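Participant: Data file start.cif (mmCIF, C-alpha atoms, pLDDT in the B column; chains and numbers go by the auth columns) is appended below.
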```
data_start
loop_
_atom_site.group_PDB
_atom_site.id
_atom_site.type_symbol
_atom_site.label_atom_id
_atom_site.label_comp_id
_atom_site.label_asym_id
_atom_site.label_seq_id
_atom_site.Cartn_x
_atom_site.Cartn_y
_atom_site.Cartn_z
_atom_site.B_iso_or_equiv
_atom_site.auth_seq_id
_atom_site.auth_asym_id
ATOM 1 C CA GLY A 1 -27.033 -44.269 -3.178 51.00 1 C
ATOM 2 C CA GLY A 2 -27.241 -45.715 0.304 55.00 2 C
ATOM 3 C CA CYS A 3 -24.646 -47.348 2.505 58.00 3 C
ATOM 4 C CA GLY A 4 -22.812 -50.368 1.154 54.00 4 C
ATOM 5 C CA MET A 5 -23.311 -49.453 -2.504 58.00 5 C
ATOM 6 C CA GLY A 6 -19.603 -49.364 -3.287 64.00 6 C
ATOM 7 C CA ARG A 7 -18.955 -45.611 -3.585 70.00 7 C
ATOM 8 C CA SER A 8 -15.741 -45.691 -1.549 71.00 8 C
ATOM 9 C CA THR A 9 -14.517 -48.778 -3.389 73.00 9 C
ATOM 10 C CA LEU A 10 -15.211 -47.111 -6.727 74.00 10 C
ATOM 11 C CA LEU A 11 -13.233 -44.021 -5.699 78.00 11 C
ATOM 12 C CA GLN A 12 -10.308 -46.207 -4.629 79.00 12 C
ATOM 13 C CA GLN A 13 -10.382 -47.960 -8.010 80.00 13 C
ATOM 14 C CA ILE A 14 -10.420 -44.611 -9.816 78.00 14 C
ATOM 15 C CA ARG A 15 -7.408 -43.503 -7.763 82.00 15 C
ATOM 16 C CA GLU A 16 -5.502 -46.631 -8.812 83.00 16 C
ATOM 17 C CA ARG A 17 -6.386 -46.122 -12.484 86.00 17 C
ATOM 18 C CA VAL A 18 -5.528 -42.413 -12.523 81.00 18 C
ATOM 19 C CA GLY A 19 -2.408 -43.031 -10.451 83.00 19 C
ATOM 20 C CA ARG A 20 -1.564 -42.119 -6.889 87.00 20 C
ATOM 21 C CA SER A 21 0.742 -39.307 -7.976 88.00 21 C
ATOM 22 C CA ALA A 22 -2.044 -37.665 -10.014 89.00 22 C
ATOM 23 C CA SER A 23 -4.977 -38.166 -7.650 93.00 23 C
ATOM 24 C CA GLN A 24 -5.943 -37.846 -4.020 93.00 24 C
ATOM 25 C CA TYR A 25 -8.698 -39.702 -2.158 92.00 25 C
ATOM 26 C CA ILE A 26 -10.312 -37.793 0.709 92.00 26 C
ATOM 27 C CA ASP A 27 -12.782 -39.356 3.133 92.00 27 C
ATOM 28 C CA VAL A 28 -14.658 -36.165 3.997 94.00 28 C
ATOM 29 C CA GLU A 29 -16.876 -37.867 6.549 92.00 29 C
ATOM 30 C CA ARG A 30 -13.838 -38.781 8.672 92.00 30 C
ATOM 31 C CA THR A 31 -11.856 -35.566 8.248 91.00 31 C
ATOM 32 C CA ALA A 32 -14.488 -32.803 8.232 90.00 32 C
ATOM 33 C CA THR A 33 -14.872 -32.328 11.976 93.00 33 C
ATOM 34 C CA THR A 34 -13.358 -28.829 11.800 94.00 34 C
ATOM 35 C CA PRO A 35 -12.036 -26.794 8.868 95.00 35 C
ATOM 36 C CA GLU A 36 -8.583 -26.849 10.471 94.00 36 C
ATOM 37 C CA ARG A 37 -8.512 -30.635 10.791 92.00 37 C
ATOM 38 C CA PHE A 38 -9.803 -31.037 7.252 94.00 38 C
ATOM 39 C CA LEU A 39 -7.058 -28.790 5.854 93.00 39 C
ATOM 40 C CA LYS A 40 -4.401 -30.624 7.828 90.00 40 C
ATOM 41 C CA ALA A 41 -5.661 -34.049 6.640 90.00 41 C
ATOM 42 C CA LEU A 42 -5.976 -32.791 3.066 90.00 42 C
ATOM 43 C CA SER A 43 -2.519 -31.303 2.837 88.00 43 C
ATOM 44 C CA SER A 44 -0.548 -33.801 4.919 86.00 44 C
ATOM 45 C CA ALA A 45 -1.593 -36.807 2.811 83.00 45 C
ATOM 46 C CA SER A 46 -1.403 -35.048 -0.527 90.00 46 C
ATOM 47 C CA PRO A 47 0.867 -35.981 -3.419 90.00 47 C
ATOM 48 C CA PHE A 48 0.515 -32.375 -4.661 88.00 48 C
ATOM 49 C CA ALA A 49 1.859 -30.102 -1.933 76.00 49 C
ATOM 50 C CA PRO A 50 3.593 -29.899 1.432 71.00 50 C
ATOM 51 C CA ALA A 51 1.556 -29.794 4.629 70.00 51 C
ATOM 52 C CA VAL A 52 -0.209 -26.528 5.432 76.00 52 C
ATOM 53 C CA GLU A 53 -0.754 -25.273 8.951 76.00 53 C
ATOM 54 C CA PRO A 54 -4.392 -24.470 9.830 71.00 54 C
ATOM 55 C CA LEU A 55 -5.061 -20.830 10.634 83.00 55 C
ATOM 56 C CA GLY A 56 -8.638 -20.687 11.974 91.00 56 C
ATOM 57 C CA ALA A 57 -11.971 -21.824 10.574 94.00 57 C
ATOM 58 C CA ARG A 58 -12.496 -19.399 7.680 94.00 58 C
ATOM 59 C CA ALA A 59 -8.808 -19.178 6.769 93.00 59 C
ATOM 60 C CA SER A 60 -8.477 -22.985 6.803 94.00 60 C
ATOM 61 C CA PHE A 61 -11.506 -23.424 4.539 95.00 61 C
ATOM 62 C CA ASP A 62 -10.169 -20.760 2.154 94.00 62 C
ATOM 63 C CA ALA A 63 -6.758 -22.480 2.158 92.00 63 C
ATOM 64 C CA ALA A 64 -8.424 -25.832 1.371 94.00 64 C
ATOM 65 C CA MET A 65 -10.316 -24.233 -1.527 95.00 65 C
ATOM 66 C CA ALA A 66 -7.121 -22.621 -2.817 93.00 66 C
ATOM 67 C CA PHE A 67 -5.437 -26.019 -2.599 92.00 67 C
ATOM 68 C CA PHE A 68 -8.250 -27.716 -4.548 94.00 68 C
ATOM 69 C CA THR A 69 -8.147 -25.113 -7.291 92.00 69 C
ATOM 70 C CA SER A 70 -4.391 -24.620 -7.629 91.00 70 C
ATOM 71 C CA ALA A 71 -2.884 -28.091 -7.055 91.00 71 C
ATOM 72 C CA SER A 72 -1.404 -29.819 -10.056 90.00 72 C
ATOM 73 C CA ALA A 73 -0.018 -33.241 -10.812 89.00 73 C
ATOM 74 C CA ALA A 74 3.450 -33.891 -12.226 85.00 74 C
ATOM 75 C CA GLY A 75 4.229 -31.918 -15.339 86.00 75 C
ATOM 76 C CA GLY A 76 1.470 -29.406 -14.614 88.00 76 C
ATOM 77 C CA ALA A 77 -1.325 -31.854 -15.436 91.00 77 C
ATOM 78 C CA PRO A 78 -4.649 -31.330 -13.673 94.00 78 C
ATOM 79 C CA ALA A 79 -4.967 -32.964 -10.259 93.00 79 C
ATOM 80 C CA THR A 80 -7.836 -35.357 -9.622 94.00 80 C
ATOM 81 C CA PHE A 81 -9.566 -35.166 -6.243 94.00 81 C
ATOM 82 C CA LEU A 82 -11.851 -37.981 -5.118 93.00 82 C
ATOM 83 C CA LEU A 83 -14.067 -36.752 -2.273 93.00 83 C
ATOM 84 C CA ASP A 84 -16.072 -39.431 -0.521 93.00 84 C
ATOM 85 C CA GLU A 85 -19.241 -38.126 1.187 93.00 85 C
ATOM 86 C CA PHE A 86 -18.567 -34.533 0.130 95.00 86 C
ATOM 87 C CA LEU A 87 -21.850 -33.239 1.621 95.00 87 C
ATOM 88 C CA GLU A 88 -20.271 -33.696 5.059 96.00 88 C
ATOM 89 C CA LEU A 89 -18.492 -30.394 4.396 97.00 89 C
ATOM 90 C CA ARG A 90 -21.744 -28.846 5.629 96.00 90 C
ATOM 91 C CA THR A 91 -20.403 -29.559 9.139 95.00 91 C
ATOM 92 C CA PHE A 92 -18.313 -26.412 8.693 97.00 92 C
ATOM 93 C CA GLU A 93 -21.445 -24.268 8.427 95.00 93 C
ATOM 94 C CA SER A 94 -21.632 -24.153 12.230 95.00 94 C
ATOM 95 C CA PHE A 95 -18.386 -22.147 12.320 95.00 95 C
ATOM 96 C CA PRO A 96 -18.399 -18.331 12.123 91.00 96 C
ATOM 97 C CA GLY A 97 -18.119 -16.999 8.593 91.00 97 C
ATOM 98 C CA LEU A 98 -18.884 -20.347 6.950 95.00 98 C
ATOM 99 C CA ARG A 99 -22.640 -20.279 6.377 93.00 99 C
ATOM 100 C CA ARG A 100 -22.576 -21.295 2.692 94.00 100 C
ATOM 101 C CA VAL A 101 -19.740 -23.821 2.639 96.00 101 C
ATOM 102 C CA LEU A 102 -21.320 -26.254 0.190 95.00 102 C
ATOM 103 C CA HIS A 103 -22.228 -23.490 -2.263 94.00 103 C
ATOM 104 C CA ASP A 104 -18.752 -21.956 -1.955 95.00 104 C
ATOM 105 C CA PHE A 105 -17.187 -25.385 -2.454 96.00 105 C
ATOM 106 C CA ILE A 106 -19.235 -26.206 -5.551 95.00 106 C
ATOM 107 C CA ASP A 107 -18.652 -22.771 -7.087 93.00 107 C
ATOM 108 C CA GLY A 108 -14.918 -23.047 -6.364 94.00 108 C
ATOM 109 C CA ILE A 109 -14.390 -26.463 -7.894 94.00 109 C
ATOM 110 C CA ALA A 110 -16.582 -25.584 -10.896 93.00 110 C
ATOM 111 C CA ALA A 111 -14.163 -22.776 -11.723 92.00 111 C
ATOM 112 C CA SER A 112 -11.093 -24.958 -11.194 93.00 112 C
ATOM 113 C CA GLY A 113 -9.105 -26.607 -13.941 93.00 113 C
ATOM 114 C CA ASN A 114 -8.732 -29.695 -11.767 95.00 114 C
ATOM 115 C CA ARG A 115 -10.909 -32.798 -11.833 94.00 115 C
ATOM 116 C CA PHE A 116 -13.271 -33.823 -9.051 94.00 116 C
ATOM 117 C CA VAL A 117 -15.275 -36.965 -8.361 90.00 117 C
ATOM 118 C CA LEU A 118 -17.749 -36.471 -5.526 91.00 118 C
ATOM 119 C CA THR A 119 -19.837 -39.117 -3.811 89.00 119 C
ATOM 120 C CA SER A 120 -22.784 -38.908 -1.479 88.00 120 C
ATOM 121 C CA ARG A 121 -25.372 -41.257 -0.102 86.00 121 C
ATOM 122 C CA TYR A 122 -27.861 -38.362 -0.253 87.00 122 C
ATOM 123 C CA ALA A 123 -28.880 -38.197 -3.903 84.00 123 C
ATOM 124 C CA VAL A 124 -31.733 -35.704 -3.443 88.00 124 C
ATOM 125 C CA ARG A 125 -29.566 -33.268 -1.453 92.00 125 C
ATOM 126 C CA THR A 126 -26.831 -33.530 -4.066 90.00 126 C
ATOM 127 C CA LEU A 127 -29.265 -32.852 -6.903 90.00 127 C
ATOM 128 C CA ARG A 128 -30.732 -29.878 -5.030 91.00 128 C
ATOM 129 C CA LEU A 129 -27.254 -28.431 -4.432 92.00 129 C
ATOM 130 C CA LEU A 130 -26.200 -28.843 -8.063 90.00 130 C
ATOM 131 C CA ARG A 131 -29.556 -27.844 -9.590 87.00 131 C
ATOM 132 C CA GLU A 132 -28.578 -24.356 -10.697 79.00 132 C
ATOM 133 C CA ARG A 133 -24.835 -24.773 -10.751 77.00 133 C
ATOM 134 C CA SER A 134 -22.378 -25.228 -13.562 67.00 134 C
ATOM 135 C CA ALA A 135 -23.153 -27.687 -16.347 75.00 135 C
ATOM 136 C CA ARG A 136 -19.684 -29.071 -15.590 76.00 136 C
ATOM 137 C CA PHE A 137 -21.251 -31.451 -13.066 81.00 137 C
ATOM 138 C CA GLU A 138 -22.690 -34.762 -14.149 77.00 138 C
ATOM 139 C CA VAL A 139 -24.660 -36.819 -11.657 76.00 139 C
ATOM 140 C CA ILE A 140 -24.347 -40.570 -12.090 72.00 140 C
ATOM 141 C CA HIS A 141 -26.595 -42.821 -10.036 71.00 141 C
ATOM 142 C CA LEU A 142 -24.932 -46.128 -9.258 64.00 142 C
ATOM 143 C CA PRO A 143 -26.711 -49.342 -8.393 63.00 143 C
ATOM 144 C CA ALA A 144 -25.543 -51.382 -5.420 62.00 144 C
ATOM 145 C CA LEU A 145 -22.664 -53.777 -6.000 60.00 145 C
ATOM 146 C CA THR A 146 -23.705 -57.294 -6.878 64.00 146 C
ATOM 147 C CA ALA A 147 -22.155 -60.315 -5.192 63.00 147 C
ATOM 148 C CA GLU A 148 -20.121 -60.913 -8.363 71.00 148 C
ATOM 149 C CA ASP A 149 -18.845 -57.318 -8.334 64.00 149 C
ATOM 150 C CA THR A 150 -17.819 -57.694 -4.714 59.00 150 C
ATOM 151 C CA LEU A 151 -15.950 -60.937 -5.434 61.00 151 C
ATOM 152 C CA ASP A 152 -14.153 -59.320 -8.380 66.00 152 C
ATOM 153 C CA ILE A 153 -13.091 -56.389 -6.229 54.00 153 C
ATOM 154 C CA LEU A 154 -11.811 -58.748 -3.574 57.00 154 C
ATOM 155 C CA ALA A 155 -9.986 -60.724 -6.293 58.00 155 C
ATOM 156 C CA LEU A 156 -11.976 -63.826 -5.473 47.00 156 C
ATOM 157 C CA GLY A 157 -13.675 -64.214 -8.840 45.00 157 C
ATOM 158 C CA GLU A 158 -13.221 -67.064 -11.297 49.00 158 C
ATOM 159 C CA GLY A 159 -9.767 -68.562 -11.307 50.00 159 C
ATOM 160 C CA ARG A 160 -8.746 -66.778 -8.117 45.00 160 C
ATOM 161 C CA PRO A 161 -9.359 -69.170 -5.251 47.00 161 C
ATOM 162 C CA SER A 162 -8.979 -67.981 -1.701 45.00 162 C
ATOM 163 C CA ALA A 163 -9.130 -69.666 1.659 44.00 163 C
ATOM 164 C CA ASP A 164 -11.511 -66.899 2.766 41.00 164 C
ATOM 165 C CA ALA A 165 -13.876 -67.220 -0.219 42.00 165 C
ATOM 166 C CA GLU A 166 -16.415 -69.147 1.844 41.00 166 C
ATOM 167 C CA TYR A 167 -16.818 -66.178 4.192 32.00 167 C
ATOM 168 C CA THR A 168 -17.749 -63.588 1.531 35.00 168 C
#
```
Is it possible to give me this structure as structure tokens?

Facilitator:
Amino acid sequence: GGCGMGRSTLLQQIRERVGRSASQYIDVERTATTPERFLKALSSASPFAPAVEPLGARASFDAAMAFFTSASAAGGAPATFLLDEFLELRTFESFPGLRRVLHDFIDGIAASGNRFVLTSRYAVRTLRLLRERSARFEVIHLPALTAEDTLDILALGEGRPSADAEYT
């Protein structure tokens, strides 16, 4: 869905429910300027592995894919990755050797034993990308947050007064 629908908020809530040591939230739109920067942001903020040094566009993308597919939570449990605006990975397609980044990404995570929650404001593009991919993907269309949902998220619902409630 479009902007302001609550995708990022939902991913943050999922991260809290799964646990910060078992999941990682990634804002792809902010970190996908280059494959090297994306890899650095991915690995430096990860609860799953030490930081990885970028090696060049193709090598950094391959390292990010290896990270997504091989990372594990404590005790060897599957890692959960929450990628906000995942279609922004297409930015990498302007780099040499990275013409099919989105297809490579989807194929890579489909084969992984890890868990992935992907969001995008471009529903049609997402459906087109996933059309002939693994049945492992389930597309869930979310309606926009209601005012009540927003108040609950901000902990301003019934019984939770706030001095800022009048500004929401």

Participant: How many Å separate CA of Tyr122 in chain C from CA of Arg99 in chain C?

Facilitator: 20.0 Å

Participant: Which residue is closest to Gly19 in chain C? Choose from C:Ala57, C:Leu82, C:Leu130, C:Ala64 and count only C-alpha atoms.

Facilitator: C:Leu82

Participant: So how far away is CA of Asp104 in chain C from CA of Leu127 in chain C, in Å?

Facilitator: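 Separating CA of Leu127 in chain C from CA of Asp104 in chain C is a distance of 15.9 Å.
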
Participant: Nearest residue to Ala32 in chain C out of C:Arg7, C:Arg131, C:Arg90, C:Arg58, using all atoms listed in the file?

Facilitator: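 The closest residue to Ala32 in chain C is C:Arg90.
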
Participant: Given all atoms listed in the file as the basis, pick out the residue of C:Glu138, C:Glu85, C:Ser72, C:Met65 nearest to Asp107 in chain C.

Facilitator: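 Ranking C:Glu138, C:Glu85, C:Ser72, C:Met65 by distance to Asp107 in chain C, first place goes to C:Met65.
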
Participant: Would you compute an axis-aligned box for range 20-30 of chain C, covering every atom listed for it in the file with 3 Å of margin on each side, and report centre and edge lengths in Å to one decimal as JSON?

Facilitator:
```
{"center_x": -8.1, "center_y": -39.1, "center_z": -0.7, "size_x": 23.6, "size_y": 12.0, "size_z": 24.7}
```

Participant: With all atoms listed in the file as the basis for distance, which of C:Val28, C:Ala63, C:Val139, C:Val52 is at the shortest distance from Glu88 in chain C?

Facilitator: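 Between C:Val28, C:Ala63, C:Val139, C:Val52, the residue approaching Glu88 in chain C most closely is C:Val28.
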
Participant: Quote the spacing between CA of Gly76 in chain C and CA of Arg133 in chain C in Å to one decimal place.

Facilitator: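 CA of Arg133 in chain C lies 27.0 Å from CA of Gly76 in chain C.
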
Participant: For Ala74 in chain C, which residue out of C:Ala49, C:Ile26, C:Leu39, C:Ile140 is the nearest one, using all atoms listed in the file?

Facilitator: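 When distances to Ala74 in chain C are compared using all atoms listed in the file, the smallest one comes from C:Ala49.
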
Participant: Between C:Arg136, C:His141, C:Arg30, C:Arg17, which one has atoms that come closest to Ser112 in chain C, using all atoms listed in the file?

Facilitator: C:Arg136

Participant: Near Ser23 in chain C, counting all atoms listed in the file, which residues have an atom at most 10 Å away, once you skip same-chain residues fewer than 4 positions from it, shown as a list in words?

Facilitator: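 In the requested format, the answer is Ile14, Arg15, Glu16, Arg17, Val18, Gly19, Ser46, Pro47, Phe48, Ser72, Ala73, Pro78, Ala79, Thr80, Phe81, Leu82, Arg115 and Phe116 of chain C.
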
Participant: Write the residues of the selection above to a file with C-alpha atoms, as a short mmCIF file (atom, residue, chain, number, x, y, z; two decimals), keeping the file's coordinate frame.

Facilitator:
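Below you can see selection.cif, which holds the result:
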```cif
data_model
loop_
_atom_site.label_atom_id
_atom_site.label_comp_id
_atom_site.auth_asym_id
_atom_site.auth_seq_id
_atom_site.Cartn_x
_atom_site.Cartn_y
_atom_site.Cartn_z
CA ILE C 14 -10.42 -44.61 -9.82
CA ARG C 15 -7.41 -43.50 -7.76
CA GLU C 16 -5.50 -46.63 -8.81
CA ARG C 17 -6.39 -46.12 -12.48
CA VAL C 18 -5.53 -42.41 -12.52
CA GLY C 19 -2.41 -43.03 -10.45
CA SER C 46 -1.40 -35.05 -0.53
CA PRO C 47 0.87 -35.98 -3.42
CA PHE C 48 0.52 -32.38 -4.66
CA SER C 72 -1.40 -29.82 -10.06
CA ALA C 73 -0.02 -33.24 -10.81
CA PRO C 78 -4.65 -31.33 -13.67
CA ALA C 79 -4.97 -32.96 -10.26
CA THR C 80 -7.84 -35.36 -9.62
CA PHE C 81 -9.57 -35.17 -6.24
CA LEU C 82 -11.85 -37.98 -5.12
CA ARG C 115 -10.91 -32.80 -11.83
CA PHE C 116 -13.27 -33.82 -9.05
#
```

Participant: Please evaluate the PyMOL selection byres ((chain C and resi 38) around 10) against the displayed coordinates and give the resulting residues as a tab-separated table (two decimals) with C-alpha atoms, in the frame of the given file.

Facilitator:
```tsv
chain	number	residue	atom	x	y	z
C	26	ILE	CA	-10.31	-37.79	0.71
C	27	ASP	CA	-12.78	-39.36	3.13
C	28	VAL	CA	-14.66	-36.16	4.00
C	29	GLU	CA	-16.88	-37.87	6.55
C	30	ARG	CA	-13.84	-38.78	8.67
C	31	THR	CA	-11.86	-35.57	8.25
C	32	ALA	CA	-14.49	-32.80	8.23
C	33	THR	CA	-14.87	-32.33	11.98
C	34	THR	CA	-13.36	-28.83	11.80
C	35	PRO	CA	-12.04	-26.79	8.87
C	36	GLU	CA	-8.58	-26.85	10.47
C	37	ARG	CA	-8.51	-30.64	10.79
C	39	LEU	CA	-7.06	-28.79	5.85
C	40	LYS	CA	-4.40	-30.62	7.83
C	41	ALA	CA	-5.66	-34.05	6.64
C	42	LEU	CA	-5.98	-32.79	3.07
C	43	SER	CA	-2.52	-31.30	2.84
C	44	SER	CA	-0.55	-33.80	4.92
C	54	PRO	CA	-4.39	-24.47	9.83
C	60	SER	CA	-8.48	-22.98	6.80
C	61	PHE	CA	-11.51	-23.42	4.54
C	64	ALA	CA	-8.42	-25.83	1.37
C	89	LEU	CA	-18.49	-30.39	4.40
C	92	PHE	CA	-18.31	-26.41	8.69
```

Participant: Counting only C-alpha atoms, find residues at most 6 Å from (-15.3, -38.7, -5.2) (file frame) and give them as a PyMOL selection string.

Facilitator: chain C and resi 11+82-84+117-119
